[in-house]
Amino acid sequence: MASFNVVTDSTADLNTEERQRYGISVIPLKIQFGLEGFKDMKNLNQEGWQQRFLQGAWPTTSQPSIGDFMTCYDRLEGPVMSIHLSAGLSGTARTANAAATAPLLRETRVIDSAMASAGLAYQVLAAAEIARAGGTLDQAVKAVADLRCRTQANFMVDSLDYLQKGGRIGRLQTWAGIKLQIKPILYLENGIIQVKERVRTRKQALMRLVKLSLAGGMPEKASVVHFLGTEAAEEVAAMFKSETGLEPEIRHISCVLGTHIGPGAVGLIFLAPNNLHGA
Amino acid sequence: MPVLDKVGGDILRRSIVAGAVWVGRERQKIDALNVFPVPDGDTGTNMYLTLLGAARTVARRRGASVEKVASDAAMGALLGARGNSGVILSQFFHGFSEALKGCSMLGVRELATAMAEGYRCAHAAVGRPVEGTILTVMRRAAAAARLAVNRGDDMETVLSIILAETRLAVSETPEQLPVLRDAGVVDAGGQGFLSFLEGVWSFIMQKKLGRGLLSAIRTGRSTTETLPASVEHRYCTEFVMINSAVDAEEARTALEPLGSSLLAVGEESLLKVHIHTDDPGAVLAWATSEGELEGIKIDNMLNQTLKRLSNEKERTPDSPEKQVLGSGVVAVASGHGLEELLSALGAGIVICGGQTMNPSVEELLQAVEELPQTEIIILPNNGNIVMAARRLSALTQKRVRVVPSKDPAQGIAAMLHFDSSLDVEKNLEAMSEVLEHIASGEITKAVRGVTLDGIKIRKGDYIGLISGKIVVAGRSPDNVLPRLLENMAAGWGLATIYYGEDIDATRAEKTAQAVRERFPEAEVEVVEGGQPHYHYLIAVE
């Protein structure tokens, strides 16, 4: 029996095996295609998203309601650690916090991961491991904070249209009106998407992702993540393996995050050996 | 006729004006002394505009001493300097004036010393001096002056010996520089220097320079022909049009005839216009008829620059609220596609210029000062502007670094790695590194027939150049393009083709398709450059 419960949301891109092994509760974000509403990764996966997208509908996304969190927390017994998608990208963590401060009978800690996808998964799985080993919430908060400082997320998008439509990118003014094919390399900085580099071709971009992951020394752990970009993800994984000898895991990005970065997006998320922000 | 012994401020002043006028008359002939049969010969124009800067400044200084005339001419030449030959000439004037500090009358000894110092400064400004260029000609002119003075000759004899030696030196440049011999021309810069001395000599001997010529120079009218537009356009005019009835393209069409360095960016709701003009009234009259105006700013660029330079010492840094952290970029390009692309990629100011119209040091300086940042990257995008750009550091308190891009295609590749939040040193490093991984080429029309490196070129042929060297020639730019790419070092994965003003989108796309078929592994992208003279600019990486 774990010493506390771990809750996260659908943007952590956990697979079924991970959810079941640790008994992690996953609250889905929401996605809307016209009049059709879906629960992210619960009744809509990447293929379903693509099918509807190709029919011409432009999806919109929303965070879970405060009620979704309260229902989930109520169902659980014992303390809760609720770790969520970067507050710089979504209001999910703030809503979770509001649900947690409502009069509840148990201790609940809400953590802004400042990350997404595998970067969020690293924190969730570390907390679950500590819970299973009988550790305390304080120990988990500390361990998760250490991971947060060491995680880097770089990714390439096929087109900036999706990020621009969703308004979820910083320092974008320099992009307006560029009539060149550019594959931007983006990264998460303090939970916000920023432009790291502007590369001309997909091939150059995929190579850069691998180079960037090795710049600070051999990563402790690495994940290739993608949204409808299996082929590119496999290329990155193969390049990473030939450089390091390590086989990175591959994760499917959730539909909600995918809506904002667009089909074809590929990321290399990794855990640097040392604290990136200095000790 | 009394023997001319010493020269006072007035004669020196009028000699410089006469020399400038002489180069003005000869400038097209000098422009034509181009090693390559490409339409970028502009040495004569550049030297003339540089000298015009000197002449304009001294034309106003009646009654000034030799020292004052020389230093004014040096400052004028420095601000007017365009192209490499112009920069070298301006440095000659600088050394010449330094040697005349405290001098009220110019005798033969002072002349010889000043010419030697002029040569020394010009030489120091060139990174890797080559024999058979304007520097060789200057050196021999200065040496001849020293020799004649040591022999005890009078001023007229000294001047005639200098002139004779300069002529000889120019005629011998093809023996020193094989590219000149192959092209059958003398060095254009050397010829420009000779023309200047010929003007001086003719004035001294015939005193032909009357009042009319002086006032013509003063008011900016040339006696022989009208001057290139940008020298005359003295007011920098800027404003924002709100809810205008015209778009950027239409604004450009309407304003084009009124000035130079024209920029119109944005949309109908918010259209920003920048133009250098002599008639800000006409510009504003047009604009008010098309929309509501805001943020109107009119500056007298010439006065501004002169004031700034004379106040150099008292100048305090810009007020803190005006300063912006990080770096800004000043780029040079012509062709609306290229200019827009550079702006979109983050260049704060794009000066219209390039192959046939090199911006002066003054124009570059103006742009550097205009940007809110104190750290500035310059993208000259032309080998002939690099030197002028490098002179800026000495003229401004801002930290200026030059990324030596040789053409706009390189400049655009470098801009992709510009980060406005970083300082100039980091940007310089990232942007310069890009230039090592990119190769570029260009296609233009030969302006005369010639055989170079075993390639026979007929007038009107299209020639493909890589790093300024002709590698292919043919009857159509579209056929030359794939062959040019075959001559690029192998291993590239992306070719970007910028088509010029003489090519339309359909034709460019058709040519690109031929390239794709020839290089099926590579990515090929077509972008409208709109550049003059060059039918295609190509970058491969």
# chains A, B, ... in the order shown; residues from 1 in each chain; ligands from 1
$ select_by_dssp --residues "segment 26-149 of chain A" --states "strand (DSSP E)" --output "PyMOL selection string"
chain A and resi 26-27+30-33+36-39+60-62+80-84+108-112
$ select_by_dssp --residues "segment 261-452 of chain B" --states "helix (DSSP H, G or I)" --output "PyMOL selection string"
chain B and resi 280-290+301-310+336-344+361-370+386-395+408-415+424-436
$ closest_residue --among "B:Gly348, B:Gly9, B:Gly281, B:Gly500" --to "chain A" --atoms "only C-alpha atoms"
B:Gly348
$ residues_around --residues "segment 457-463 of chain B" --least-positions-apart "4" --cutoff "8 Å" --atoms "only C-alpha atoms" --output "list in words"
Ile443, Thr444, Lys445, Ala446, Val447, Arg448, Gly449, Val450, Thr451, Leu452, Ile470, Val471, Val472, Ala473, Gly474, Arg475, Ser476, Pro477 and Val480 of chain B
$ residues_around --residues "Val124 of chain A" --least-positions-apart "3" --cutoff "8 Å" --atoms "only C-alpha atoms" --output "PDB file with C-alpha atoms, in the first residue's frame"
ATOM      1  CA  VAL A   6      -0.427  10.275  -7.074  1.00  0.00           C
ATOM      2  CA  VAL A   7      -2.680  12.203  -9.441  1.00  0.00           C
ATOM      3  CA  THR A   8      -1.745  13.740 -12.766  1.00  0.00           C
ATOM      4  CA  ALA A  12       1.822  13.297 -18.840  1.00  0.00           C
ATOM      5  CA  ILE A  83       1.347  16.912 -10.397  1.00  0.00           C
ATOM      6  CA  LEU A 120       5.827  15.592 -16.543  1.00  0.00           C
ATOM      7  CA  ALA A 121       5.897  11.789 -16.565  1.00  0.00           C
ATOM      8  CA  ALA A 127       6.618  10.502  -6.884  1.00  0.00           C
ATOM      9  CA  ALA A 128       4.790   7.199  -7.384  1.00  0.00           C
ATOM     10  CA  VAL A 144      10.301  16.136  -7.943  1.00  0.00           C
TER      11      VAL A 144
END
$ residues_around --residues "Ile185 of chain A" --least-positions-apart "6" --cutoff "9 Å" --atoms "only C-alpha atoms" --output "PDB file with N, CA and C atoms, in the first residue's frame"
ATOM      1  N   ASN A 154      13.269  19.759 -25.639  1.00  0.00           N
ATOM      2  CA  ASN A 154      13.448  20.437 -26.924  1.00  0.00           C
ATOM      3  C   ASN A 154      12.556  19.729 -27.933  1.00  0.00           C
ATOM      4  N   PHE A 155      11.952  20.471 -28.805  1.00  0.00           N
ATOM      5  CA  PHE A 155      11.130  19.811 -29.802  1.00  0.00           C
ATOM      6  C   PHE A 155      11.043  20.604 -31.098  1.00  0.00           C
ATOM      7  N   MET A 156      10.727  19.884 -32.141  1.00  0.00           N
ATOM      8  CA  MET A 156      10.601  20.492 -33.453  1.00  0.00           C
ATOM      9  C   MET A 156       9.150  20.407 -33.896  1.00  0.00           C
ATOM     10  N   VAL A 157       8.633  21.487 -34.439  1.00  0.00           N
ATOM     11  CA  VAL A 157       7.275  21.408 -34.974  1.00  0.00           C
ATOM     12  C   VAL A 157       7.331  21.557 -36.491  1.00  0.00           C
ATOM     13  N   GLN A 194       9.536  28.537 -25.809  1.00  0.00           N
ATOM     14  CA  GLN A 194      10.351  29.576 -26.426  1.00  0.00           C
ATOM     15  C   GLN A 194      11.025  28.997 -27.664  1.00  0.00           C
ATOM     16  N   VAL A 195      11.452  29.900 -28.539  1.00  0.00           N
ATOM     17  CA  VAL A 195      12.179  29.463 -29.728  1.00  0.00           C
ATOM     18  C   VAL A 195      13.648  29.345 -29.370  1.00  0.00           C
ATOM     19  N   LYS A 196      14.216  28.206 -29.653  1.00  0.00           N
ATOM     20  CA  LYS A 196      15.642  28.031 -29.381  1.00  0.00           C
ATOM     21  C   LYS A 196      16.457  28.318 -30.643  1.00  0.00           C
ATOM     22  N   GLU A 197      16.115  27.656 -31.728  1.00  0.00           N
ATOM     23  CA  GLU A 197      16.870  27.829 -32.961  1.00  0.00           C
ATOM     24  C   GLU A 197      15.937  27.760 -34.160  1.00  0.00           C
ATOM     25  N   ARG A 198      16.418  28.329 -35.268  1.00  0.00           N
ATOM     26  CA  ARG A 198      15.629  28.239 -36.492  1.00  0.00           C
ATOM     27  C   ARG A 198      16.466  27.457 -37.500  1.00  0.00           C
ATOM     28  N   VAL A 199      15.988  26.299 -37.847  1.00  0.00           N
ATOM     29  CA  VAL A 199      16.719  25.416 -38.733  1.00  0.00           C
ATOM     30  C   VAL A 199      15.931  25.293 -40.025  1.00  0.00           C
ATOM     31  N   ALA A 205      16.879  19.634 -38.308  1.00  0.00           N
ATOM     32  CA  ALA A 205      16.219  19.821 -37.016  1.00  0.00           C
ATOM     33  C   ALA A 205      16.319  18.565 -36.154  1.00  0.00           C
ATOM     34  N   ARG A 208      19.701  18.252 -34.802  1.00  0.00           N
ATOM     35  CA  ARG A 208      19.939  19.244 -33.744  1.00  0.00           C
ATOM     36  C   ARG A 208      19.355  18.769 -32.418  1.00  0.00           C
ATOM     37  N   LEU A 209      18.176  18.123 -32.464  1.00  0.00           N
ATOM     38  CA  LEU A 209      17.549  17.637 -31.227  1.00  0.00           C
ATOM     39  C   LEU A 209      18.509  16.704 -30.502  1.00  0.00           C
TER      40      LEU A 209
END
$ residues_around --residues "segment 229-243 of chain A" --least-positions-apart "4" --cutoff "9 Å" --atoms "only C-alpha atoms" --output "ChimeraX atom specification"
/A:202,206-207,209-211,213-214,223-225,247-250,252,263-268
$ write_last_selection --atoms "C-alpha atoms" --output "PDB file, in the first residue's frame"
ATOM      1  CA  ARG A 202      13.496  18.653 -41.035  1.00  0.00           C
ATOM      2  CA  LEU A 206      16.136  16.157 -36.012  1.00  0.00           C
ATOM      3  CA  MET A 207      19.930  16.083 -35.857  1.00  0.00           C
ATOM      4  CA  LEU A 209      17.549  17.637 -31.227  1.00  0.00           C
ATOM      5  CA  VAL A 210      20.068  14.865 -30.644  1.00  0.00           C
ATOM      6  CA  LYS A 211      23.036  17.291 -30.505  1.00  0.00           C
ATOM      7  CA  SER A 213      20.524  16.543 -25.727  1.00  0.00           C
ATOM      8  CA  LEU A 214      24.222  15.706 -25.519  1.00  0.00           C
ATOM      9  CA  SER A 223      12.440  10.093 -24.190  1.00  0.00           C
ATOM     10  CA  VAL A 224      11.481  10.726 -27.769  1.00  0.00           C
ATOM     11  CA  VAL A 225       7.931  12.042 -27.887  1.00  0.00           C
ATOM     12  CA  GLU A 247      17.749   3.203 -26.357  1.00  0.00           C
ATOM     13  CA  PRO A 248      15.381   6.078 -25.570  1.00  0.00           C
ATOM     14  CA  GLU A 249      11.759   5.358 -24.735  1.00  0.00           C
ATOM     15  CA  ILE A 250       9.133   6.599 -27.185  1.00  0.00           C
ATOM     16  CA  HIS A 252       2.823   9.378 -27.770  1.00  0.00           C
ATOM     17  CA  PRO A 263       0.903  16.878 -36.328  1.00  0.00           C
ATOM     18  CA  GLY A 264       4.497  15.934 -37.068  1.00  0.00           C
ATOM     19  CA  ALA A 265       5.876  17.454 -33.877  1.00  0.00           C
ATOM     20  CA  VAL A 266       8.783  15.535 -32.365  1.00  0.00           C
ATOM     21  CA  GLY A 267      10.547  16.167 -29.091  1.00  0.00           C
ATOM     22  CA  LEU A 268      13.561  14.860 -27.248  1.00  0.00           C
TER      23      LEU A 268
END
$ interface_residues --of "chain B" --to "chain A" --cutoff "9 Å" --atoms "only C-alpha atoms" --output "PyMOL selection string"
chain B and resi 337+340-346+413+416-419+493-494+496+523+525-528+541
$ write_last_selection --atoms "C-alpha atoms" --output "compact mmCIF listing (two decimals), in the first residue's frame"
# COMPACT_ATOMS: atom_id res chain seq x y z
CA GLY B 337 11.61 40.18 -51.11
CA GLU B 340 11.15 42.00 -46.18
CA LEU B 341 12.67 38.66 -45.31
CA LEU B 342 15.56 40.28 -43.43
CA SER B 343 13.11 42.51 -41.54
CA ALA B 344 10.85 39.58 -40.73
CA LEU B 345 13.83 37.67 -39.38
CA GLY B 346 14.59 40.50 -36.99
CA ALA B 413 21.07 32.29 -43.38
CA LEU B 416 18.14 32.69 -38.79
CA HIS B 417 20.61 32.34 -35.94
CA PHE B 418 20.24 35.88 -34.62
CA ASP B 419 18.82 36.14 -31.11
CA GLY B 493 20.79 19.04 -48.62
CA LEU B 494 18.88 22.26 -49.16
CA THR B 496 17.23 28.14 -51.50
CA GLU B 523 15.25 19.95 -50.88
CA GLU B 525 12.94 26.08 -52.02
CA VAL B 526 12.00 29.08 -54.14
CA VAL B 527 11.64 32.52 -52.59
CA GLU B 528 10.97 35.88 -54.18
CA GLU B 541 23.55 24.23 -47.04
$ residues_around --residues "segment 48-53 of chain A" --least-positions-apart "4" --cutoff "9 Å" --atoms "only C-alpha atoms" --output "count of residues only"
10
$ decode --residues "segment 423-541 of chain B" --atoms "C-alpha atoms" --output "compact mmCIF listing (two decimals), in the first residue's frame"
# COMPACT_ATOMS: atom_id res chain seq x y z
CA ASP B 423 24.76 40.36 -26.78
CA VAL B 424 26.71 41.06 -29.97
CA GLU B 425 29.61 38.75 -29.20
CA LYS B 426 27.36 35.69 -28.84
CA ASN B 427 25.42 36.66 -31.95
CA LEU B 428 28.61 37.31 -33.89
CA GLU B 429 29.82 33.83 -33.04
CA ALA B 430 26.57 32.05 -33.90
CA MET B 431 25.95 34.04 -37.08
CA SER B 432 29.53 33.82 -38.36
CA GLU B 433 29.56 30.08 -37.83
CA VAL B 434 26.60 29.74 -40.18
CA LEU B 435 28.60 31.33 -42.97
CA GLU B 436 31.05 28.43 -42.79
CA HIS B 437 28.31 25.91 -43.53
CA ILE B 438 26.70 27.69 -46.42
CA ALA B 439 27.81 28.20 -49.99
CA SER B 440 26.23 30.74 -52.27
CA GLY B 441 26.17 31.55 -55.93
CA GLU B 442 24.58 34.02 -58.27
CA ILE B 443 23.47 34.30 -61.85
CA THR B 444 23.64 37.51 -63.84
CA LYS B 445 23.96 38.76 -67.40
CA ALA B 446 27.41 39.45 -68.84
CA VAL B 447 27.77 43.09 -69.80
CA ARG B 448 30.60 42.35 -72.22
CA GLY B 449 32.29 39.41 -73.91
CA VAL B 450 35.43 37.97 -72.37
CA THR B 451 37.25 34.68 -71.87
CA LEU B 452 37.94 33.97 -68.22
CA ASP B 453 39.37 30.79 -66.71
CA GLY B 454 38.84 29.09 -70.03
CA ILE B 455 35.15 29.98 -70.16
CA LYS B 456 34.15 31.89 -73.25
CA ILE B 457 31.48 34.42 -72.49
CA ARG B 458 29.59 36.44 -75.06
CA LYS B 459 27.95 39.74 -74.24
CA GLY B 460 24.40 38.99 -73.08
CA ASP B 461 25.24 35.49 -71.88
CA TYR B 462 24.10 34.48 -68.44
CA ILE B 463 26.95 33.65 -66.11
CA GLY B 464 26.94 31.73 -62.87
CA LEU B 465 29.36 32.77 -60.15
CA ILE B 466 30.47 31.06 -56.96
CA SER B 467 32.44 33.18 -54.49
CA GLY B 468 32.85 35.84 -57.17
CA LYS B 469 34.36 33.39 -59.66
CA ILE B 470 32.63 32.56 -62.94
CA VAL B 471 32.03 28.82 -63.21
CA VAL B 472 29.37 28.47 -65.92
CA ALA B 473 27.90 30.47 -68.76
CA GLY B 474 24.90 29.92 -71.00
CA ARG B 475 22.14 31.50 -73.02
CA SER B 476 19.43 31.38 -70.32
CA PRO B 477 19.53 31.90 -66.55
CA ASP B 478 17.25 28.90 -66.11
CA ASN B 479 19.71 26.55 -67.79
CA VAL B 480 22.69 28.03 -65.99
CA LEU B 481 21.12 27.44 -62.56
CA PRO B 482 21.27 23.61 -62.42
CA ARG B 483 24.78 23.69 -63.87
CA LEU B 484 25.85 26.19 -61.23
CA LEU B 485 24.58 23.85 -58.53
CA GLU B 486 26.61 21.00 -60.06
CA ASN B 487 29.69 23.12 -59.43
CA MET B 488 28.91 23.59 -55.75
CA ALA B 489 30.80 21.37 -53.32
CA ALA B 490 28.80 18.16 -52.90
CA GLY B 491 26.95 17.21 -49.76
CA TRP B 492 24.35 19.94 -49.57
CA GLY B 493 20.79 19.04 -48.62
CA LEU B 494 18.88 22.26 -49.16
CA ALA B 495 19.05 24.85 -51.92
CA THR B 496 17.23 28.14 -51.50
CA ILE B 497 16.67 30.02 -54.74
CA TYR B 498 15.92 33.75 -54.52
CA TYR B 499 14.60 34.95 -57.84
CA GLY B 500 15.27 38.51 -58.95
CA GLU B 501 13.09 41.27 -60.34
CA ASP B 502 13.54 40.04 -63.92
CA ILE B 503 12.10 36.60 -63.17
CA ASP B 504 8.51 35.80 -62.27
CA ALA B 505 7.26 33.19 -59.82
CA THR B 506 6.06 30.72 -62.44
CA ARG B 507 9.35 30.74 -64.27
CA ALA B 508 11.33 30.40 -61.02
CA GLU B 509 9.18 27.44 -59.97
CA LYS B 510 9.73 25.77 -63.34
CA THR B 511 13.48 26.19 -63.00
CA ALA B 512 13.35 24.86 -59.44
CA GLN B 513 11.49 21.81 -60.71
CA ALA B 514 14.36 21.13 -63.12
CA VAL B 515 16.76 21.40 -60.18
CA ARG B 516 14.66 18.95 -58.15
CA GLU B 517 14.78 16.45 -60.99
CA ARG B 518 18.53 16.86 -61.31
CA PHE B 519 19.06 16.57 -57.50
CA PRO B 520 16.27 14.24 -56.30
CA GLU B 521 17.82 13.81 -52.85
CA ALA B 522 17.89 17.51 -52.04
CA GLU B 523 15.25 19.95 -50.88
CA VAL B 524 14.77 22.97 -53.10
CA GLU B 525 12.94 26.08 -52.02
CA VAL B 526 12.00 29.08 -54.14
CA VAL B 527 11.64 32.52 -52.59
CA GLU B 528 10.97 35.88 -54.18
CA GLY B 529 14.05 38.08 -53.70
CA GLY B 530 13.15 40.87 -56.09
CA GLN B 531 16.83 41.82 -56.34
CA PRO B 532 18.08 43.82 -59.32
CA HIS B 533 20.82 42.53 -61.68
CA TYR B 534 20.95 39.02 -60.26
CA HIS B 535 18.37 36.79 -61.88
CA TYR B 536 18.97 34.16 -59.25
CA LEU B 537 20.77 34.12 -55.93
CA ILE B 538 21.32 30.63 -54.57
CA ALA B 539 22.33 29.39 -51.16
CA VAL B 540 23.08 25.75 -50.46
CA GLU B 541 23.55 24.23 -47.04
